[in-house]
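Asker: Sharing coords-v9.txt below, compact mmCIF, C-alpha atoms:
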```txt
# COMPACT_ATOMS: atom_id res chain seq x y z
CA MET N 505 -26.77 -9.38 -16.33
CA ASN N 506 -27.01 -7.67 -12.99
CA SER N 507 -25.45 -4.21 -13.31
CA LEU N 508 -23.86 -4.35 -9.85
CA TRP N 509 -22.00 -7.51 -10.84
CA MET N 510 -20.94 -5.81 -14.04
CA LEU N 511 -19.67 -2.82 -12.08
CA VAL N 512 -17.59 -4.93 -9.68
CA ALA N 513 -16.19 -6.88 -12.64
CA LEU N 514 -15.16 -3.67 -14.42
CA MET N 515 -13.54 -2.33 -11.23
CA ALA N 516 -11.66 -5.63 -10.99
CA VAL N 517 -10.39 -5.38 -14.58
CA VAL N 518 -9.14 -1.77 -14.37
CA THR N 519 -7.41 -2.57 -11.07
CA TYR N 520 -5.82 -5.80 -12.25
CA LEU N 521 -4.32 -4.63 -15.55
CA PRO N 522 -1.90 -2.02 -14.12
CA ARG N 523 -0.84 -4.55 -11.49
CA MET N 524 -0.20 -7.35 -13.96
CA LEU N 525 1.07 -5.89 -17.26
CA PRO N 526 4.46 -4.47 -16.17
CA MET N 527 5.40 -7.50 -14.08
CA VAL N 528 4.69 -9.86 -16.96
CA MET N 529 5.99 -7.68 -19.79
CA PHE N 530 8.96 -5.69 -18.47
CA ARG N 531 10.73 -8.53 -16.69
CA ARG N 532 13.19 -9.34 -19.48
CA PHE N 533 13.47 -5.75 -20.64
CA LYS N 534 16.86 -4.11 -20.01
CA PHE N 535 16.21 -0.55 -18.94
CA PRO N 536 18.88 2.14 -19.51
CA PRO N 537 20.66 3.24 -16.29
CA PHE N 538 18.48 6.30 -15.66
CA TRP N 539 15.29 4.24 -15.78
CA LYS N 540 16.86 1.52 -13.65
CA ARG N 541 17.57 4.08 -10.93
CA PHE N 542 14.07 5.52 -11.41
CA LEU N 543 12.47 2.13 -10.83
CA ARG N 544 14.74 1.42 -7.87
CA PHE N 545 13.75 4.71 -6.22
CA ILE N 546 10.01 4.13 -6.72
CA PRO N 547 9.52 2.29 -3.39
CA TYR N 548 10.95 5.12 -1.31
CA ALA N 549 9.13 7.86 -3.18
CA ALA N 550 5.88 5.90 -2.90
CA LEU N 551 6.35 5.07 0.80
CA SER N 552 6.98 8.68 1.69
CA ALA N 553 4.01 9.89 -0.37
CA LEU N 554 1.81 7.23 1.23
CA VAL N 555 2.78 8.29 4.75
CA PHE N 556 2.75 12.06 4.43
CA PRO N 557 0.44 13.81 4.91
CA GLY N 558 -2.15 10.99 4.92
CA PHE N 559 -1.27 9.61 8.35
CA LEU N 560 -2.30 12.89 10.01
CA THR N 561 -5.95 12.15 9.21
CA SER N 562 -5.84 8.44 10.05
CA THR N 563 -7.11 8.64 13.64
CA GLY N 564 -9.59 11.50 13.51
CA ASN N 565 -7.20 13.71 15.48
CA PRO N 566 -3.92 15.01 14.00
CA VAL N 567 -2.21 15.20 17.41
CA SER N 568 -2.88 11.58 18.34
CA ALA N 569 -1.83 10.59 14.81
CA LEU N 570 1.41 12.50 15.37
CA ALA N 571 1.95 10.66 18.66
CA GLY N 572 1.45 7.29 16.94
CA GLY N 573 3.60 8.27 13.97
CA LEU N 574 6.39 9.48 16.23
CA ALA N 575 6.31 6.27 18.28
CA ALA N 576 6.59 4.26 15.05
CA PHE N 577 9.42 6.49 13.80
CA VAL N 578 11.49 6.08 16.98
CA LEU N 579 10.98 2.30 17.04
CA ALA N 580 11.89 2.12 13.35
CA TRP N 581 14.99 4.27 13.86
CA TYR N 582 16.25 1.78 16.41
CA ARG N 583 15.43 -1.08 14.03
CA PHE N 584 12.79 -2.82 16.07
CA ASN N 585 10.88 -5.64 14.45
CA LEU N 586 8.17 -4.40 12.04
CA MET N 587 5.43 -6.00 14.10
CA LEU N 588 6.55 -4.06 17.20
CA ILE N 589 6.64 -0.85 15.17
CA VAL N 590 3.02 -1.38 14.11
CA LEU N 591 1.92 -2.20 17.66
CA GLY N 592 3.94 0.75 19.01
CA GLY N 593 2.16 3.11 16.61
CA ILE N 594 -1.26 1.81 17.68
CA LEU N 595 -0.28 2.03 21.34
CA GLY N 596 1.01 5.59 20.86
CA VAL N 597 -2.37 6.68 19.51
CA MET N 598 -4.33 4.83 22.19
CA ILE N 599 -2.27 6.23 25.06
CA TRP N 600 -2.62 9.76 23.70
CA GLN N 601 -6.37 9.37 23.26
CA SER N 602 -6.89 7.94 26.73
CA LEU N 603 -4.87 10.81 28.27
CA TYR N 604 -6.59 13.66 26.45
CA ASN N 605 -10.19 12.57 26.08
CA MET U 565 25.14 -6.07 3.31
CA LYS U 566 25.20 -9.68 2.23
CA PRO U 567 22.02 -11.56 3.21
CA GLU U 568 22.43 -15.03 4.66
CA LYS U 569 19.87 -16.63 2.40
CA HIS U 570 19.22 -15.60 -1.18
CA VAL U 571 16.22 -17.82 -1.63
CA LEU U 572 13.00 -16.58 -0.09
CA THR U 573 10.38 -19.27 0.36
CA PHE U 574 6.60 -19.26 0.23
CA LEU U 575 6.44 -19.73 4.02
CA GLN U 576 8.78 -16.79 4.62
CA GLY U 577 6.38 -14.80 2.48
CA VAL U 578 3.42 -15.88 4.57
CA ARG U 579 5.23 -14.82 7.76
CA THR U 580 6.52 -11.57 6.28
CA GLY U 581 2.92 -10.57 5.58
CA ILE U 582 1.75 -10.67 9.21
CA PRO U 583 2.26 -6.94 9.92
CA ILE U 584 0.11 -6.22 6.85
CA ALA U 585 -2.62 -8.45 8.27
CA VAL U 586 -2.60 -6.44 11.50
CA GLY U 587 -3.35 -3.32 9.49
CA TYR U 588 -5.72 -4.90 6.97
CA VAL U 589 -8.16 -6.57 9.34
CA PRO U 590 -9.38 -3.37 11.04
CA THR U 591 -9.31 -1.41 7.77
CA ALA U 592 -11.37 -4.07 6.03
CA VAL U 593 -13.78 -4.28 9.01
CA ALA U 594 -14.26 -0.52 8.60
CA PHE U 595 -14.85 -1.05 4.86
CA GLY U 596 -17.41 -3.80 5.46
CA ALA U 597 -19.21 -1.77 8.11
CA THR U 598 -19.23 1.39 5.94
CA ALA U 599 -20.57 -0.55 2.98
CA LYS U 600 -23.28 -2.13 5.12
CA SER U 601 -24.33 1.27 6.47
CA THR U 602 -24.85 2.67 2.95
CA GLY U 603 -27.33 -0.11 2.24
CA ILE U 604 -25.59 -1.67 -0.75
CA PRO U 605 -26.13 -5.46 -0.94
CA ASP U 606 -23.76 -7.56 1.17
CA TYR U 607 -22.56 -9.63 -1.79
CA VAL U 608 -21.28 -6.49 -3.53
CA SER U 609 -18.94 -5.64 -0.64
CA VAL U 610 -17.77 -9.23 -0.33
CA MET U 611 -17.16 -9.53 -4.08
CA MET U 612 -15.30 -6.21 -4.17
CA SER U 613 -12.81 -7.47 -1.61
CA LEU U 614 -12.42 -10.77 -3.46
CA MET U 615 -12.16 -9.41 -7.01
CA VAL U 616 -11.04 -5.78 -6.83
CA TYR U 617 -8.97 -6.03 -3.65
CA ALA U 618 -7.92 -2.40 -3.42
CA GLY U 619 -8.71 -0.52 -0.22
CA ALA U 620 -9.13 3.10 -1.20
CA SER U 621 -11.07 2.45 -4.39
CA GLN U 622 -13.44 0.12 -2.56
CA PHE U 623 -14.29 2.88 -0.08
CA VAL U 624 -14.79 5.32 -2.94
CA GLY U 625 -16.78 2.69 -4.80
CA VAL U 626 -19.38 2.09 -2.09
CA ASN U 627 -19.53 5.82 -1.45
CA LEU U 628 -20.32 6.63 -5.09
CA LEU U 629 -22.66 3.65 -5.37
CA SER U 630 -24.71 4.92 -2.48
CA VAL U 631 -25.30 8.19 -4.33
CA GLY U 632 -26.13 6.38 -7.55
CA ALA U 633 -22.98 7.01 -9.61
CA ALA U 634 -21.63 4.12 -11.70
CA TRP U 635 -19.26 5.01 -14.56
CA GLU U 636 -17.44 7.45 -12.33
CA ILE U 637 -16.60 4.52 -10.09
CA VAL U 638 -14.77 2.65 -12.85
CA VAL U 639 -12.80 5.71 -13.94
CA THR U 640 -11.93 6.69 -10.36
CA THR U 641 -10.89 3.13 -9.56
CA PHE U 642 -8.60 3.10 -12.58
CA LEU U 643 -6.97 6.42 -11.64
CA LEU U 644 -6.66 5.49 -7.97
CA ASN U 645 -4.86 2.26 -8.81
CA LEU U 646 -2.71 3.40 -11.72
CA ARG U 647 0.20 3.86 -9.29
CA HIS U 648 0.42 0.06 -9.10
CA PHE U 649 1.71 0.17 -12.68
CA LEU U 650 4.89 1.78 -11.37
CA MET U 651 5.19 -0.60 -8.46
CA SER U 652 4.70 -3.59 -10.74
CA ALA U 653 7.36 -2.24 -13.15
CA SER U 654 9.73 -1.72 -10.21
CA LEU U 655 9.18 -5.25 -8.89
CA SER U 656 9.50 -6.78 -12.38
CA GLN U 657 13.22 -5.97 -12.34
CA ARG U 658 13.80 -8.20 -9.33
CA ILE U 659 11.96 -11.31 -10.53
CA PRO U 660 14.43 -14.15 -11.22
CA LYS U 661 14.88 -15.42 -14.76
CA GLY U 662 12.78 -18.42 -15.61
CA ALA U 663 9.74 -17.42 -13.57
CA SER U 664 6.62 -18.39 -15.50
CA ARG U 665 4.41 -15.70 -17.01
CA ILE U 666 1.26 -17.37 -15.76
CA GLY U 667 2.67 -17.52 -12.24
CA LEU U 668 3.54 -13.82 -12.41
CA ALA U 669 0.11 -12.97 -13.79
CA LEU U 670 -1.42 -14.72 -10.76
CA VAL U 671 0.99 -13.24 -8.22
CA SER U 672 0.53 -9.71 -9.57
CA PHE U 673 -3.14 -9.77 -8.56
CA GLY U 674 -1.98 -9.44 -4.96
CA LEU U 675 0.11 -6.31 -5.53
CA THR U 676 -0.96 -3.54 -3.14
CA ASP U 677 0.85 -0.56 -1.63
CA GLU U 678 1.57 -2.71 1.40
CA THR U 679 2.69 -5.97 -0.24
CA PHE U 680 4.82 -3.97 -2.69
CA SER U 681 6.46 -2.02 0.13
CA LEU U 682 7.28 -5.08 2.18
CA ALA U 683 8.69 -6.96 -0.80
CA SER U 684 10.65 -4.11 -2.32
CA VAL U 685 12.56 -3.05 0.80
CA ARG U 686 13.96 -6.59 1.16
CA GLN U 687 17.74 -6.64 0.82
CA GLU U 688 17.75 -9.83 -1.24
CA PRO U 689 18.36 -8.82 -4.87
CA GLN U 690 15.86 -11.32 -6.22
CA LEU U 691 12.24 -11.88 -5.23
CA ARG U 692 10.86 -15.29 -6.12
CA PRO U 693 7.21 -15.50 -7.17
CA ALA U 694 6.69 -18.12 -4.42
CA PHE U 695 7.74 -15.60 -1.77
CA LEU U 696 5.45 -12.95 -3.26
CA ALA U 697 2.62 -15.48 -3.37
CA GLY U 698 3.00 -16.23 0.36
CA LEU U 699 3.15 -12.54 1.24
CA ASN U 700 0.08 -11.81 -0.87
CA LEU U 701 -1.83 -14.73 0.55
CA THR U 702 -1.54 -13.45 4.14
CA ALA U 703 -2.60 -9.96 3.08
CA PHE U 704 -5.48 -11.15 0.88
CA ALA U 705 -6.82 -13.51 3.55
CA ALA U 706 -6.72 -10.75 6.18
CA TRP U 707 -8.45 -8.26 3.89
CA ASN U 708 -11.26 -10.67 3.08
CA ALA U 709 -11.69 -11.95 6.63
CA GLY U 710 -11.91 -8.34 7.79
CA THR U 711 -14.46 -7.47 5.12
CA TRP U 712 -16.58 -10.43 6.14
CA ILE U 713 -16.44 -9.43 9.81
CA GLY U 714 -17.32 -5.85 8.90
CA VAL U 715 -20.29 -6.80 6.77
CA PHE U 716 -21.77 -9.54 8.94
CA LEU U 717 -20.55 -9.02 12.50
CA SER U 718 -19.54 -5.40 13.00
CA ALA U 719 -22.84 -4.51 14.66
CA SER U 720 -21.77 -6.69 17.58
CA LEU U 721 -18.17 -5.41 17.83
CA PRO U 722 -17.21 -2.84 20.48
CA ALA U 723 -16.24 0.47 18.86
CA ALA U 724 -13.14 0.62 21.07
CA ILE U 725 -11.55 -2.22 19.10
CA GLN U 726 -11.09 0.07 16.14
CA ALA U 727 -9.82 3.08 18.10
CA GLY U 728 -6.19 3.71 17.29
CA MET U 729 -6.08 1.11 14.56
CA GLY U 730 -6.26 3.69 11.79
CA ILE U 731 -2.56 4.32 12.30
CA ALA U 732 -1.52 0.66 11.80
CA LEU U 733 -0.71 0.70 8.09
CA TYR U 734 0.96 4.09 8.34
CA ALA U 735 3.13 2.82 11.19
CA MET U 736 4.10 -0.07 8.95
CA PHE U 737 5.05 2.26 6.08
CA ILE U 738 7.15 4.29 8.53
CA GLY U 739 8.77 1.09 9.75
CA LEU U 740 9.69 0.19 6.17
CA LEU U 741 10.95 3.62 5.15
CA VAL U 742 13.02 4.73 8.16
CA PRO U 743 15.72 2.02 8.08
CA SER U 744 16.29 2.85 4.39
CA LEU U 745 16.76 6.52 5.29
CA LYS U 746 19.73 5.55 7.41
CA ARG U 747 21.23 3.67 4.49
CA SER U 748 21.33 6.26 1.74
CA ARG U 749 21.44 10.04 1.31
CA ALA U 750 19.61 9.70 -1.99
CA ILE U 751 16.70 8.01 -0.24
CA VAL U 752 16.52 10.81 2.35
CA ALA U 753 16.36 13.42 -0.41
CA ILE U 754 13.75 11.49 -2.40
CA SER U 755 11.58 10.95 0.69
CA LEU U 756 11.67 14.60 1.72
CA LEU U 757 10.87 15.66 -1.82
CA ALA U 758 7.95 13.23 -2.08
CA ALA U 759 6.49 14.27 1.31
CA GLY U 760 6.86 17.97 0.49
CA MET U 761 5.31 17.65 -2.96
CA HIS U 762 2.45 15.58 -1.62
CA ALA U 763 1.72 18.17 1.08
CA VAL U 764 1.60 20.86 -1.61
CA LEU U 765 -0.72 18.82 -3.84
CA ARG U 766 -2.97 18.02 -0.89
CA TRP U 767 -3.20 21.47 0.68
CA VAL U 768 -2.52 24.16 -1.92
CA PRO U 769 -5.77 25.17 -3.67
CA PRO U 770 -5.47 24.57 -7.41
CA PHE U 771 -4.17 21.04 -6.81
CA SER U 772 -6.13 20.01 -3.75
CA GLY U 773 -9.04 18.78 -5.88
CA LEU U 774 -7.00 15.87 -7.26
CA SER U 775 -7.91 12.40 -6.03
CA ALA U 776 -5.55 10.86 -3.47
CA GLY U 777 -4.51 8.08 -5.84
CA LEU U 778 -3.60 10.50 -8.61
CA ASP U 779 -1.65 12.62 -6.09
CA ILE U 780 0.43 9.65 -5.06
CA LEU U 781 1.07 8.64 -8.66
CA ILE U 782 2.29 12.10 -9.66
CA VAL U 783 4.44 12.56 -6.57
CA THR U 784 6.01 9.11 -6.87
CA VAL U 785 6.96 9.64 -10.51
CA ALA U 786 8.34 13.13 -9.88
CA ALA U 787 10.35 12.26 -6.76
CA ALA U 788 11.81 9.05 -8.19
CA ALA U 789 12.74 10.83 -11.45
CA ALA U 790 14.34 13.69 -9.53
CA GLY U 791 16.30 11.14 -7.51
CA ALA U 792 17.47 9.35 -10.67
CA LEU U 793 18.64 12.69 -12.10
CA LEU U 794 20.28 14.02 -8.94
CA PHE U 795 22.03 10.83 -7.86
CA PRO U 796 23.55 9.32 -11.00
CA LYS U 797 26.30 7.67 -8.98
CA GLU U 798 23.99 5.79 -6.66
CA GLU U 799 25.42 2.27 -6.80
CA GLU U 800 23.49 -0.83 -7.76
CA PRO U 801 22.10 -2.97 -4.95
CA SER U 802 23.33 -6.49 -4.21
```
Show this structure as structure tokens.
Answerer:
Amino acid sequence: MNSLWMLVALMAVVTYLPRMLPMVMFRRFKFPPFWKRFLRFIPYAALSALVFPGFLTSTGNPVSALAGGLAAFVLAWYRFNLMLIVLGGILGVMIWQSLYN
Amino acid sequence: MKPEKHVLTFLQGVRTGIPIAVGYVPTAVAFGATAKSTGIPDYVSVMMSLMVYAGASQFVGVNLLSVGAAWEIVVTTFLLNLRHFLMSASLSQRIPKGASRIGLALVSFGLTDETFSLASVRQEPQLRPAFLAGLNLTAFAAWNAGTWIGVFLSASLPAAIQAGMGIALYAMFIGLLVPSLKRSRAIVAISLLAAGMHAVLRWVPPFSGLSAGLDILIVTVAAAAAGALLFPKEEEPS
């Protein structure tokens, strides 16, 4: 057995189990109200933690990242389509980089 | 807000996933190209994207492989992706009754930060496995196409194509979070708390050695728990 194959297979297993077990096992489980609210708040806590501060290092330059992030924030505030928000963020970074390079 | 349609179809899922694809292709190209540059065999990178399908841990994986580590990769991968346990538990509460376990076991393979975020901010109270399958399919296809391009074609791609693309997935997260901020004071508080705690964990010395995945797991648990404590009156959705 090739050890690289083994390694990829093990990575696959330890990644898959946390993805699969709760969805299959907790579906019929009635959580008490506190835990219901906890689970319902997970997306927003996770989204915020995913964005900040990680996005600052996403372009190699914190200022251009800020420009892109701000463009996305403004577009999102005014409820533009998600696709336009993504493109606006990319464009924000590109414009900043072309101006200050 | 009462949505027009309560039933989300497979095709709606496929379409909903398009913004993820925009972010995944360049990220996966970068992964493929990075992996190639470390000299690990091409099939390893391609198989990682097909079987592991988890961005950050794949980057860490090829990085550690190139310096000869092996067991550390499995442990790090596990810790990096443990946050999906929470996301999966959160989604499980919105799966309609009668969905098959085997179907859910298949669909859950495609759970990532991005597919979870897109699905969970939907206003529809229930998320059908077919919708999740469509969403996941778009994301998975983009990730693997990008990996393939990165491994086999990136040498011939202009570097400019990737400039500015690093922000794409973050812009998408912002696009998903901001409209929810306008909807609820609890969500504003939870988001500020999560961002603040994450900044502390990332930048303040005794904590800054933690892996990014573990950071996110801790912060998500703490901020969501604080929100559940502080906002007991927050009404049920639907």
Asker: Find the residues of chain U that sit at most 7 Å from chain N; for each, write down the nearest two atoms and how far apart they are in Å, to one decimal. Count all atoms listed in the file. Sort by chain, then by number going up, and give it as a tab-separated table.
Answerer:
```
residue	atom	partner	partner_atom	distance
U:Pro583	CA	N:Met587	CA	5.3
U:Met612	CA	N:Val512	CA	6.1
U:Met615	CA	N:Ala516	CA	5.5
U:Val616	CA	N:Ala516	CA	4.2
U:Val638	CA	N:Met515	CA	5.4
U:Thr641	CA	N:Met515	CA	6.3
U:Phe642	CA	N:Val518	CA	5.2
U:Asn645	CA	N:Thr519	CA	5.9
U:Leu646	CA	N:Pro522	CA	6.0
U:His648	CA	N:Arg523	CA	5.3
U:Phe649	CA	N:Pro522	CA	4.5
U:Met651	CA	N:Ile546	CA	7.0
U:Ser652	CA	N:Met527	CA	5.2
U:Ala653	CA	N:Pro526	CA	4.7
U:Ser654	CA	N:Leu543	CA	4.8
U:Leu655	CA	N:Met527	CA	6.8
U:Ser656	CA	N:Met527	CA	4.5
U:Gln657	CA	N:Arg531	CA	5.6
U:Ile659	CA	N:Arg531	CA	6.9
U:Arg665	CA	N:Val528	CA	5.8
U:Leu668	CA	N:Val528	CA	6.1
U:Ala669	CA	N:Met524	CA	5.6
U:Ser672	CA	N:Met524	CA	5.0
U:Phe673	CA	N:Tyr520	CA	6.0
U:Leu675	CA	N:Arg523	CA	6.3
U:Ser681	CA	N:Pro547	CA	6.4
U:Ser684	CA	N:Pro547	CA	6.6
U:Gly728	CA	N:Ile594	CA	5.3
U:Met729	CA	N:Ile594	CA	5.8
U:Gly730	CA	N:Ser562	CA	5.1
U:Ile731	CA	N:Ser562	CA	5.7
U:Ala732	CA	N:Val590	CA	5.5
U:Tyr734	CA	N:Val555	CA	5.8
U:Ala735	CA	N:Val590	CA	5.1
U:Met736	CA	N:Val590	CA	5.4
U:Phe737	CA	N:Leu551	CA	6.1
U:Ile738	CA	N:Phe577	CA	6.1
U:Gly739	CA	N:Ala580	CA	4.9
U:Leu741	CA	N:Leu551	CA	6.5
U:Val742	CA	N:Ala580	CA	5.9
U:Pro743	CA	N:Trp581	CA	6.2
U:Ile751	CA	N:Tyr548	CA	6.5
U:Ile754	CA	N:Ala549	CA	5.9
U:Ser755	CA	N:Ser552	CA	5.2
U:Ala758	CA	N:Ala553	CA	5.4
U:Ala759	CA	N:Ala553	CA	5.3
U:His762	CA	N:Ala553	CA	6.0
U:Ala763	CA	N:Pro557	CA	5.9
U:Ile780	CA	N:Ala553	CA	5.9
U:Val783	CA	N:Ala553	CA	6.8
U:Thr784	CA	N:Ala549	CA	5.0
U:Ala787	CA	N:Ala549	CA	5.8
U:Ala788	CA	N:Phe545	CA	5.1
U:Ala789	CA	N:Phe542	CA	5.5
U:Ala792	CA	N:Phe542	CA	5.2
```
Asker: What is the atom CA of Phe623 of chain U to atom CA of Leu774 of chain U distance in Å?
Answerer: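 These atoms are spaced 16.5 Å apart.
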Asker: What separation in Å, quoted to one decimal, exists between atom CA of Ser609 of chain U and atom CA of Gly596 of chain U?
Answerer: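 That distance, rounded to one decimal, is 6.6 Å.
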Asker: Hey, which of U:Ala663, U:Leu793, U:Leu575, U:Tyr588 ends up closest to Gln690 of chain U? Count only C-alpha atoms.
Answerer: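 Using only C-alpha atoms, the shortest distance to Gln690 of chain U belongs to U:Ala663.
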Asker: Work out how far apart atom CA of Ser601 of chain U and atom CA of Asn565 of chain N are and give it in Å to one decimal.
Answerer: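 Pair atom CA of Ser601 of chain U / atom CA of Asn565 of chain N returns 23.0 Å.
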Asker: With all atoms listed in the file as the atoms that count, which of U:Ile782, U:Ala750, U:Val764, U:Leu745 lies nearest to Phe795 of chain U?
Answerer: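 Closest candidate: U:Ala750.
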Asker: Which polymer residues, protein or nucleic acid, are no farther than 10 Å from (-3.3, -7.7, 11.0), counting all atoms listed in the file, as a list in words?
Answerer: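 The residues that fall inside the cut-off are Met587 and Val590 of chain N; Gly581, Ile582, Pro583, Ile584, Ala585, Val586, Gly587, Tyr588, Val589, Pro590, Thr591, Thr702, Ala703, Ala706, Trp707, Gly710, Met729, Ala732 and Leu733 of chain U.
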Asker: Looking at all atoms listed in the file, which of U:Val626, U:Val639, U:Ile666, U:Ala753 is the one that sits closest to Ile604 of chain U?
Answerer: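 The closest residue to Ile604 of chain U is U:Val626.
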